[in-house]
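Containing mmCIF, C-alpha atoms: my_file-v5.cif.
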data_work
loop_
_atom_site.label_atom_id
_atom_site.label_comp_id
_atom_site.auth_asym_id
_atom_site.auth_seq_id
_atom_site.Cartn_x
_atom_site.Cartn_y
_atom_site.Cartn_z
CA MET A 177 12.57 7.84 -54.47
CA ASN A 178 12.83 10.42 -51.74
CA ASP A 179 10.32 8.41 -49.70
CA ASP A 180 12.56 5.34 -50.03
CA VAL A 181 15.60 7.26 -48.79
CA ALA A 182 13.64 8.63 -45.82
CA HIS A 183 12.45 5.13 -44.99
CA GLU A 184 16.01 3.77 -45.03
CA THR A 185 17.19 6.60 -42.79
CA GLU A 186 14.45 5.98 -40.27
CA GLY A 187 15.30 2.30 -40.17
CA ALA A 188 19.04 2.83 -39.85
CA PRO A 189 20.54 1.34 -36.68
CA GLN A 190 21.15 3.79 -33.84
CA THR A 191 24.82 4.49 -33.16
CA THR A 192 25.81 2.87 -29.88
CA ARG A 193 28.45 3.84 -27.37
CA CYS A 194 30.27 1.68 -24.84
CA GLY A 195 33.09 2.36 -22.41
CA PHE A 196 34.67 1.76 -19.02
CA VAL A 197 34.35 4.38 -16.28
CA ALA A 198 36.62 4.02 -13.24
CA LEU A 199 35.46 5.39 -9.90
CA ILE A 200 38.49 6.58 -7.94
CA GLY A 201 38.56 7.96 -4.42
CA ALA A 202 39.63 7.51 -0.83
CA PRO A 203 37.91 4.85 1.33
CA ASN A 204 34.34 5.64 2.33
CA VAL A 205 33.69 8.42 -0.21
CA GLY A 206 30.67 6.48 -1.49
CA LYS A 207 31.93 4.73 -4.64
CA SER A 208 29.97 1.52 -4.07
CA THR A 209 26.80 3.45 -3.20
CA LEU A 210 27.20 5.46 -6.41
CA VAL A 211 27.64 2.32 -8.53
CA ASN A 212 24.43 0.89 -7.09
CA ALA A 213 22.59 4.21 -7.61
CA LEU A 214 23.72 4.49 -11.24
CA VAL A 215 22.82 0.88 -12.02
CA GLY A 216 19.55 1.00 -10.07
CA SER A 217 20.31 -2.32 -8.40
CA LYS A 218 22.75 -3.72 -5.87
CA VAL A 219 25.88 -4.96 -7.62
CA THR A 220 28.55 -4.11 -5.04
CA ILE A 221 28.66 -4.19 -1.27
CA VAL A 222 28.31 -1.13 0.92
CA SER A 223 29.66 -0.97 4.45
CA ARG A 224 30.63 1.55 7.10
CA LYS A 225 33.98 -0.19 7.24
CA VAL A 226 36.61 1.15 4.83
CA GLN A 227 38.27 -1.13 2.26
CA THR A 228 35.21 -3.34 1.74
CA THR A 229 35.67 -3.36 -2.06
CA ARG A 230 38.61 -5.58 -2.90
CA ALA A 231 38.25 -6.45 -6.59
CA LEU A 232 37.14 -4.48 -9.64
CA ILE A 233 33.42 -5.20 -9.57
CA ARG A 234 31.69 -3.74 -12.58
CA GLY A 235 28.18 -2.38 -12.66
CA ILE A 236 26.66 -2.11 -16.13
CA VAL A 237 24.27 0.70 -17.12
CA ILE A 238 22.31 1.29 -20.31
CA GLU A 239 21.49 4.95 -20.89
CA ASP A 240 20.34 6.44 -24.22
CA HIS A 241 22.01 3.86 -26.53
CA SER A 242 25.18 3.86 -24.41
CA GLN A 243 26.50 1.03 -22.26
CA ILE A 244 28.46 2.36 -19.30
CA ILE A 245 30.66 -0.21 -17.55
CA LEU A 246 31.43 1.06 -14.06
CA VAL A 247 34.65 -0.08 -12.46
CA ASP A 248 34.28 0.20 -8.69
CA THR A 249 37.85 0.30 -7.46
CA PRO A 250 39.08 -0.27 -3.90
CA GLY A 251 39.46 2.92 -1.91
CA ILE A 252 42.97 4.34 -2.27
CA PHE A 253 44.87 4.59 0.99
CA LEU A 254 48.42 4.23 2.30
CA PRO A 255 49.10 0.47 2.02
CA LYS A 256 50.66 -1.36 4.96
CA ARG A 257 50.00 -5.08 4.45
CA ARG A 258 50.31 -7.30 1.36
CA LEU A 259 46.53 -7.28 0.88
CA ASP A 260 46.53 -3.46 1.11
CA ARG A 261 49.20 -3.21 -1.61
CA ALA A 262 47.24 -5.53 -3.89
CA MET A 263 44.07 -3.46 -3.45
CA VAL A 264 45.76 -0.13 -4.15
CA LYS A 265 47.54 -1.54 -7.22
CA THR A 266 44.20 -2.84 -8.49
CA ALA A 267 42.61 0.58 -8.00
CA TRP A 268 45.24 2.39 -10.07
CA SER A 269 45.18 -0.25 -12.81
CA GLY A 270 41.43 0.37 -13.04
CA ALA A 271 42.05 4.09 -13.55
CA HIS A 272 44.70 3.59 -16.24
CA ASP A 273 42.64 1.01 -18.16
CA ALA A 274 39.37 2.99 -18.23
CA ASP A 275 38.02 5.37 -20.89
CA LEU A 276 36.90 7.93 -18.31
CA VAL A 277 37.74 8.51 -14.66
CA CYS A 278 35.26 9.75 -12.07
CA VAL A 279 37.09 11.18 -9.07
CA LEU A 280 34.93 11.10 -5.95
CA LEU A 281 35.36 13.56 -3.11
CA ASP A 282 33.55 13.38 0.20
CA ALA A 283 31.94 16.83 0.61
CA LYS A 284 32.30 16.65 4.39
CA ALA A 285 35.92 15.43 4.46
CA GLY A 286 37.00 17.87 1.74
CA ILE A 287 40.51 17.80 0.30
CA ASN A 288 42.34 15.90 3.01
CA GLU A 289 45.71 14.15 2.88
CA GLU A 290 44.27 11.12 1.07
CA ALA A 291 42.57 13.29 -1.57
CA GLU A 292 45.77 15.28 -2.12
CA ALA A 293 47.73 12.06 -2.73
CA ILE A 294 45.08 10.85 -5.20
CA PHE A 295 45.16 14.15 -7.14
CA GLU A 296 48.95 13.85 -7.39
CA GLN A 297 48.72 10.33 -8.86
CA LEU A 298 45.81 11.24 -11.15
CA ALA A 299 47.98 13.80 -12.91
CA LYS A 300 49.69 10.76 -14.53
CA VAL A 301 46.38 9.31 -15.83
CA ASN A 302 45.77 10.46 -19.41
CA HIS A 303 42.00 10.06 -19.57
CA PRO A 304 39.18 12.61 -19.27
CA LYS A 305 38.44 13.21 -15.59
CA ILE A 306 35.12 14.16 -14.02
CA LEU A 307 34.98 15.46 -10.45
CA VAL A 308 32.08 14.06 -8.43
CA ILE A 309 31.51 15.70 -5.06
CA ASN A 310 29.39 13.27 -3.03
CA LYS A 311 27.31 13.66 0.16
CA VAL A 312 26.26 17.21 -0.76
CA ASP A 313 23.07 16.79 1.27
CA ILE A 314 25.01 17.21 4.52
CA VAL A 315 27.20 20.23 3.67
CA ALA A 316 26.38 23.95 3.25
CA LYS A 317 26.27 25.24 -0.34
CA GLU A 318 29.00 27.86 0.20
CA ARG A 319 31.41 25.18 1.37
CA LEU A 320 30.59 23.01 -1.67
CA LEU A 321 31.38 25.83 -4.10
CA LYS A 322 34.74 26.48 -2.42
CA LEU A 323 35.55 22.76 -2.47
CA ALA A 324 34.78 22.55 -6.20
CA THR A 325 36.96 25.61 -6.90
CA ASP A 326 39.87 24.27 -4.83
CA ALA A 327 39.73 20.82 -6.44
CA ASN A 328 39.68 22.24 -9.98
CA ALA A 329 42.65 24.44 -9.11
CA ARG A 330 44.65 21.32 -8.21
CA LEU A 331 43.69 19.16 -11.20
CA LYS A 332 42.07 19.82 -14.58
CA PHE A 333 38.58 18.29 -14.57
CA ASP A 334 36.36 18.22 -17.65
CA GLU A 335 33.27 18.80 -15.52
CA THR A 336 32.16 18.88 -11.89
CA PHE A 337 29.03 17.18 -10.52
CA MET A 338 27.56 17.60 -7.05
CA ILE A 339 25.55 14.58 -5.99
CA SER A 340 24.20 12.55 -3.12
CA ALA A 341 24.58 8.88 -4.02
CA MET A 342 22.48 8.03 -0.96
CA THR A 343 19.42 10.13 -1.93
CA GLY A 344 19.97 9.98 -5.70
CA ASP A 345 20.22 13.75 -6.06
CA GLY A 346 22.27 14.60 -9.18
CA VAL A 347 22.85 10.94 -10.13
CA ASP A 348 20.67 11.08 -13.28
CA ASP A 349 22.62 14.08 -14.62
CA LEU A 350 25.90 12.26 -14.03
CA ARG A 351 24.59 9.11 -15.75
CA ARG A 352 23.57 11.14 -18.82
CA ARG A 353 26.98 12.79 -19.01
CA LEU A 354 28.81 9.45 -18.79
CA ALA A 355 26.54 8.05 -21.53
CA ALA A 356 27.48 10.94 -23.81
CA ASP A 357 31.21 10.68 -23.07
CA VAL A 358 31.94 6.97 -23.52
CA PRO A 359 33.35 6.20 -27.00
CA GLU A 360 31.29 4.95 -29.93
CA GLY A 361 31.25 1.19 -30.29
CA PRO A 362 29.21 -1.99 -29.80
CA TYR A 363 28.01 -3.12 -26.37
CA HIS A 364 30.39 -5.44 -24.51
CA TYR A 365 27.64 -7.14 -22.47
CA PRO A 366 24.01 -8.23 -23.03
CA GLU A 367 21.55 -5.40 -22.46
CA ASP A 368 19.90 -7.07 -19.45
CA GLN A 369 23.17 -7.73 -17.60
CA MET A 370 23.95 -5.46 -14.63
CA SER A 371 27.33 -6.84 -13.54
CA ASP A 372 30.09 -9.11 -14.81
CA ALA A 373 30.52 -10.59 -11.35
CA PRO A 374 29.08 -14.15 -11.25
CA LEU A 375 26.26 -14.75 -8.77
CA ARG A 376 28.51 -16.99 -6.66
CA HIS A 377 30.91 -14.08 -6.21
CA LEU A 378 28.13 -11.58 -5.50
CA ALA A 379 26.64 -13.98 -2.93
CA ALA A 380 29.99 -14.16 -1.13
CA GLU A 381 30.28 -10.36 -1.19
CA ILE A 382 26.80 -9.96 0.31
CA THR A 383 27.61 -12.32 3.17
CA ARG A 384 30.89 -10.46 3.74
CA GLU A 385 28.94 -7.20 3.93
CA LYS A 386 26.65 -8.65 6.61
CA ILE A 387 29.69 -9.74 8.63
CA PHE A 388 30.99 -6.16 8.56
CA ARG A 389 27.58 -4.79 9.51
CA GLN A 390 27.38 -7.10 12.52
CA LEU A 391 31.01 -6.96 13.62
CA HIS A 392 32.47 -3.73 12.31
CA GLN A 393 34.19 -3.00 15.63
CA GLU A 394 35.13 -6.50 16.78
CA LEU A 395 36.42 -8.14 13.59
CA PRO A 396 39.44 -6.84 11.64
CA TYR A 397 39.91 -7.32 7.90
CA GLN A 398 41.37 -10.80 8.15
CA SER A 399 38.14 -12.40 6.99
CA THR A 400 36.90 -13.53 3.61
CA VAL A 401 33.94 -15.52 2.28
CA GLU A 402 33.92 -18.17 -0.43
CA THR A 403 30.85 -19.74 -2.06
CA ASP A 404 31.53 -23.48 -2.02
CA SER A 405 28.39 -24.69 -3.77
CA TRP A 406 25.38 -23.25 -5.59
CA GLN A 407 22.66 -25.81 -6.27
CA GLU A 408 19.41 -24.99 -8.07
CA ARG A 409 16.74 -27.41 -6.87
CA LYS A 410 13.64 -28.85 -8.56
CA ASP A 411 11.31 -26.52 -6.63
CA ASN A 412 13.29 -23.53 -8.06
CA SER A 413 14.85 -22.79 -4.66
CA VAL A 414 18.63 -22.38 -4.40
CA ARG A 415 20.87 -24.09 -1.86
CA ILE A 416 24.07 -22.13 -1.19
CA GLU A 417 26.96 -23.25 1.00
CA GLN A 418 29.59 -20.72 2.01
CA THR A 419 32.69 -20.75 4.18
CA ILE A 420 33.77 -17.72 6.19
CA PHE A 421 37.55 -17.84 6.68
CA VAL A 422 39.26 -16.03 9.56
CA GLU A 423 42.89 -16.11 10.68
CA ARG A 424 42.53 -17.04 14.36
CA GLU A 425 40.33 -19.17 16.59
CA SER A 426 39.41 -16.07 18.62
CA GLN A 427 37.99 -14.51 15.44
CA ARG A 428 35.99 -17.67 14.68
CA LYS A 429 34.34 -17.39 18.09
CA ILE A 430 33.45 -13.74 17.42
CA VAL A 431 31.77 -14.64 14.11
CA LEU A 432 29.83 -17.51 15.71
CA GLY A 433 28.72 -15.43 18.70
CA LYS A 434 27.24 -16.70 21.94
CA GLY A 435 25.22 -19.83 21.23
CA GLY A 436 25.68 -19.20 17.49
CA ALA A 437 23.52 -16.05 17.66
CA THR A 438 25.81 -13.87 15.53
CA ILE A 439 26.26 -16.33 12.67
CA LYS A 440 22.49 -16.93 12.63
CA GLN A 441 21.83 -13.20 12.26
CA ILE A 442 24.47 -12.86 9.52
CA GLY A 443 22.92 -15.80 7.69
CA ALA A 444 19.37 -14.44 8.02
CA ASP A 445 20.39 -11.01 6.69
CA ALA A 446 22.34 -12.46 3.77
CA ARG A 447 19.58 -14.96 2.95
CA ARG A 448 16.97 -12.19 2.83
CA GLU A 449 18.95 -10.13 0.36
CA LEU A 450 19.98 -13.10 -1.79
CA THR A 451 16.33 -14.15 -2.05
CA GLU A 452 15.48 -10.69 -3.43
CA ILE A 453 18.28 -10.85 -6.01
CA VAL A 454 17.72 -14.46 -7.12
CA GLY A 455 13.93 -14.19 -7.09
CA HIS A 456 13.51 -17.61 -5.47
CA THR A 457 13.78 -19.08 -1.99
CA VAL A 458 17.40 -19.33 -0.83
CA HIS A 459 18.66 -21.92 1.65
CA LEU A 460 21.97 -20.54 2.94
CA PHE A 461 24.40 -22.61 5.01
CA LEU A 462 27.40 -20.85 6.57
CA PHE A 463 30.54 -22.47 7.97
CA VAL A 464 33.34 -20.68 9.81
CA LYS A 465 36.90 -21.98 9.51
CA VAL A 466 40.32 -20.81 10.63
CA ARG A 467 42.85 -20.42 7.83
CA GLU A 468 46.00 -18.92 9.28
CA ASN A 469 47.77 -16.27 7.23
CA TRP A 470 45.31 -16.48 4.33
CA GLY A 471 46.42 -12.91 3.55
CA ASP A 472 49.73 -14.39 2.30
CA ASP A 473 48.16 -17.11 0.13
CA PRO A 474 48.28 -16.36 -3.65
CA ASN A 475 45.21 -18.57 -4.27
CA ARG A 476 43.04 -16.38 -2.04
CA TYR A 477 44.04 -13.30 -4.05
CA ARG A 478 43.02 -15.02 -7.28
CA GLU A 479 39.66 -15.87 -5.68
CA MET A 480 39.13 -12.13 -5.02
CA GLY A 481 40.29 -11.07 -8.49
CA LEU A 482 43.48 -9.46 -7.17
CA GLU A 483 47.05 -9.81 -8.35
CA PHE A 484 49.32 -11.27 -5.64
CA PRO A 485 52.09 -8.78 -4.75
CA GLN A 486 55.46 -10.51 -4.62
CA GLU A 487 56.80 -8.15 -1.94
#

In structure tokens, what does this structure look like?
Amino acid sequence: MNDDVAHETEGAPQTTRCGFVALIGAPNVGKSTLVNALVGSKVTIVSRKVQTTRALIRGIVIEDHSQIILVDTPGIFLPKRRLDRAMVKTAWSGAHDADLVCVLLDAKAGINEEAEAIFEQLAKVNHPKILVINKVDIVAKERLLKLATDANARLKFDETFMISAMTGDGVDDLRRRLAADVPEGPYHYPEDQMSDAPLRHLAAEITREKIFRQLHQELPYQSTVETDSWQERKDNSVRIEQTIFVERESQRKIVLGKGGATIKQIGADARRELTEIVGHTVHLFLFVKVRENWGDDPNRYREMGLEFPQE
């Protein structure tokens, strides 16, 4: 009889955990890089340009019977335009809707004006908060300890982690802590899924990243990419057509480049990465069109997963 009880216990299903973790921070603190490091695969774009993340793109991690759903929010900054206001509103909604909040600080930038404003707003968020000091590989240890002390004096954090999302240092420890802290419950997504963003959306984000990489000085933020068609062919290759929208003819010429050289390079870079993700040959066709004042078009906001601000 005792043997039967032991057998039933051994065969009992493992308790699972599942929860949403919002990554909050100023632009360029490394949120997207951290999402990709935690997931172990590219699910969100990374760029030297600030404000590259526009919508709440989720990376999904399985760690020790826990499913961690990472909400990569837009960097929080002082909004000036309608698009800026939509991005900041989206970021704070991500914080309020999550089970846990990871607050990222750039070790080099420290507690600047942007970080102070974020701490002030975070005081209104009633979820456990974890402080994540990123880019520790480029700052002296004494300065890191002071930064951690100062940050915890301003806001009550449940724990502090010092990491380098770029090198991976400290990321495993953070992943284990998040796995332990998300609430008990069934998984929301299949175990092999790494993001809830459809491939068409991810493909558009990758192309947008390559535009920023090529033109981070010349081209302002008035550009967006939409995947028009995604066709899987008989030879298993994928044909993708995308349109890059800009607001002025002068911007269209910048994206095209002399003799089409710039758009060819953007396409080659995007195609290479998409081929790695899809696992098959990708035929990518890019078109550049002028769409004046797309930043005031509610349909474009819906395309990006943002709520259109009325004011």

Residue by residue, what does the PyMOL selection byres ((chain A and resi 351) around 12) grab here? Present the result as a ChimeraX atom specification. /A:197,210-216,236-240,242-246,278,306,308,337,339,341,344-350,352-358

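For the set A:Arg448, A:His456, A:Lys332, A:Lys465, the residue with the smallest atom-to-atom gap to A:Lys429 is A:Lys465, counting only C-alpha atoms.
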
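If all atoms listed in the file are the atoms counted, then among A:Asp445, A:Val414, A:Thr400, A:Glu367 the closest residue to A:Lys386 is A:Asp445.
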
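Here atom CA of A:Arg384 stands at a distance of 27.1 Å from atom CA of A:Ala274.
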
As a ChimeraX atom specification, please: the residues near stretch 322-326 of chain A (cut-off 12 Å, all atoms listed in the file, same-chain neighbours under 3 positions excluded). /A:279-288,291-292,295,306-310,312,315-319,329-333,335-338
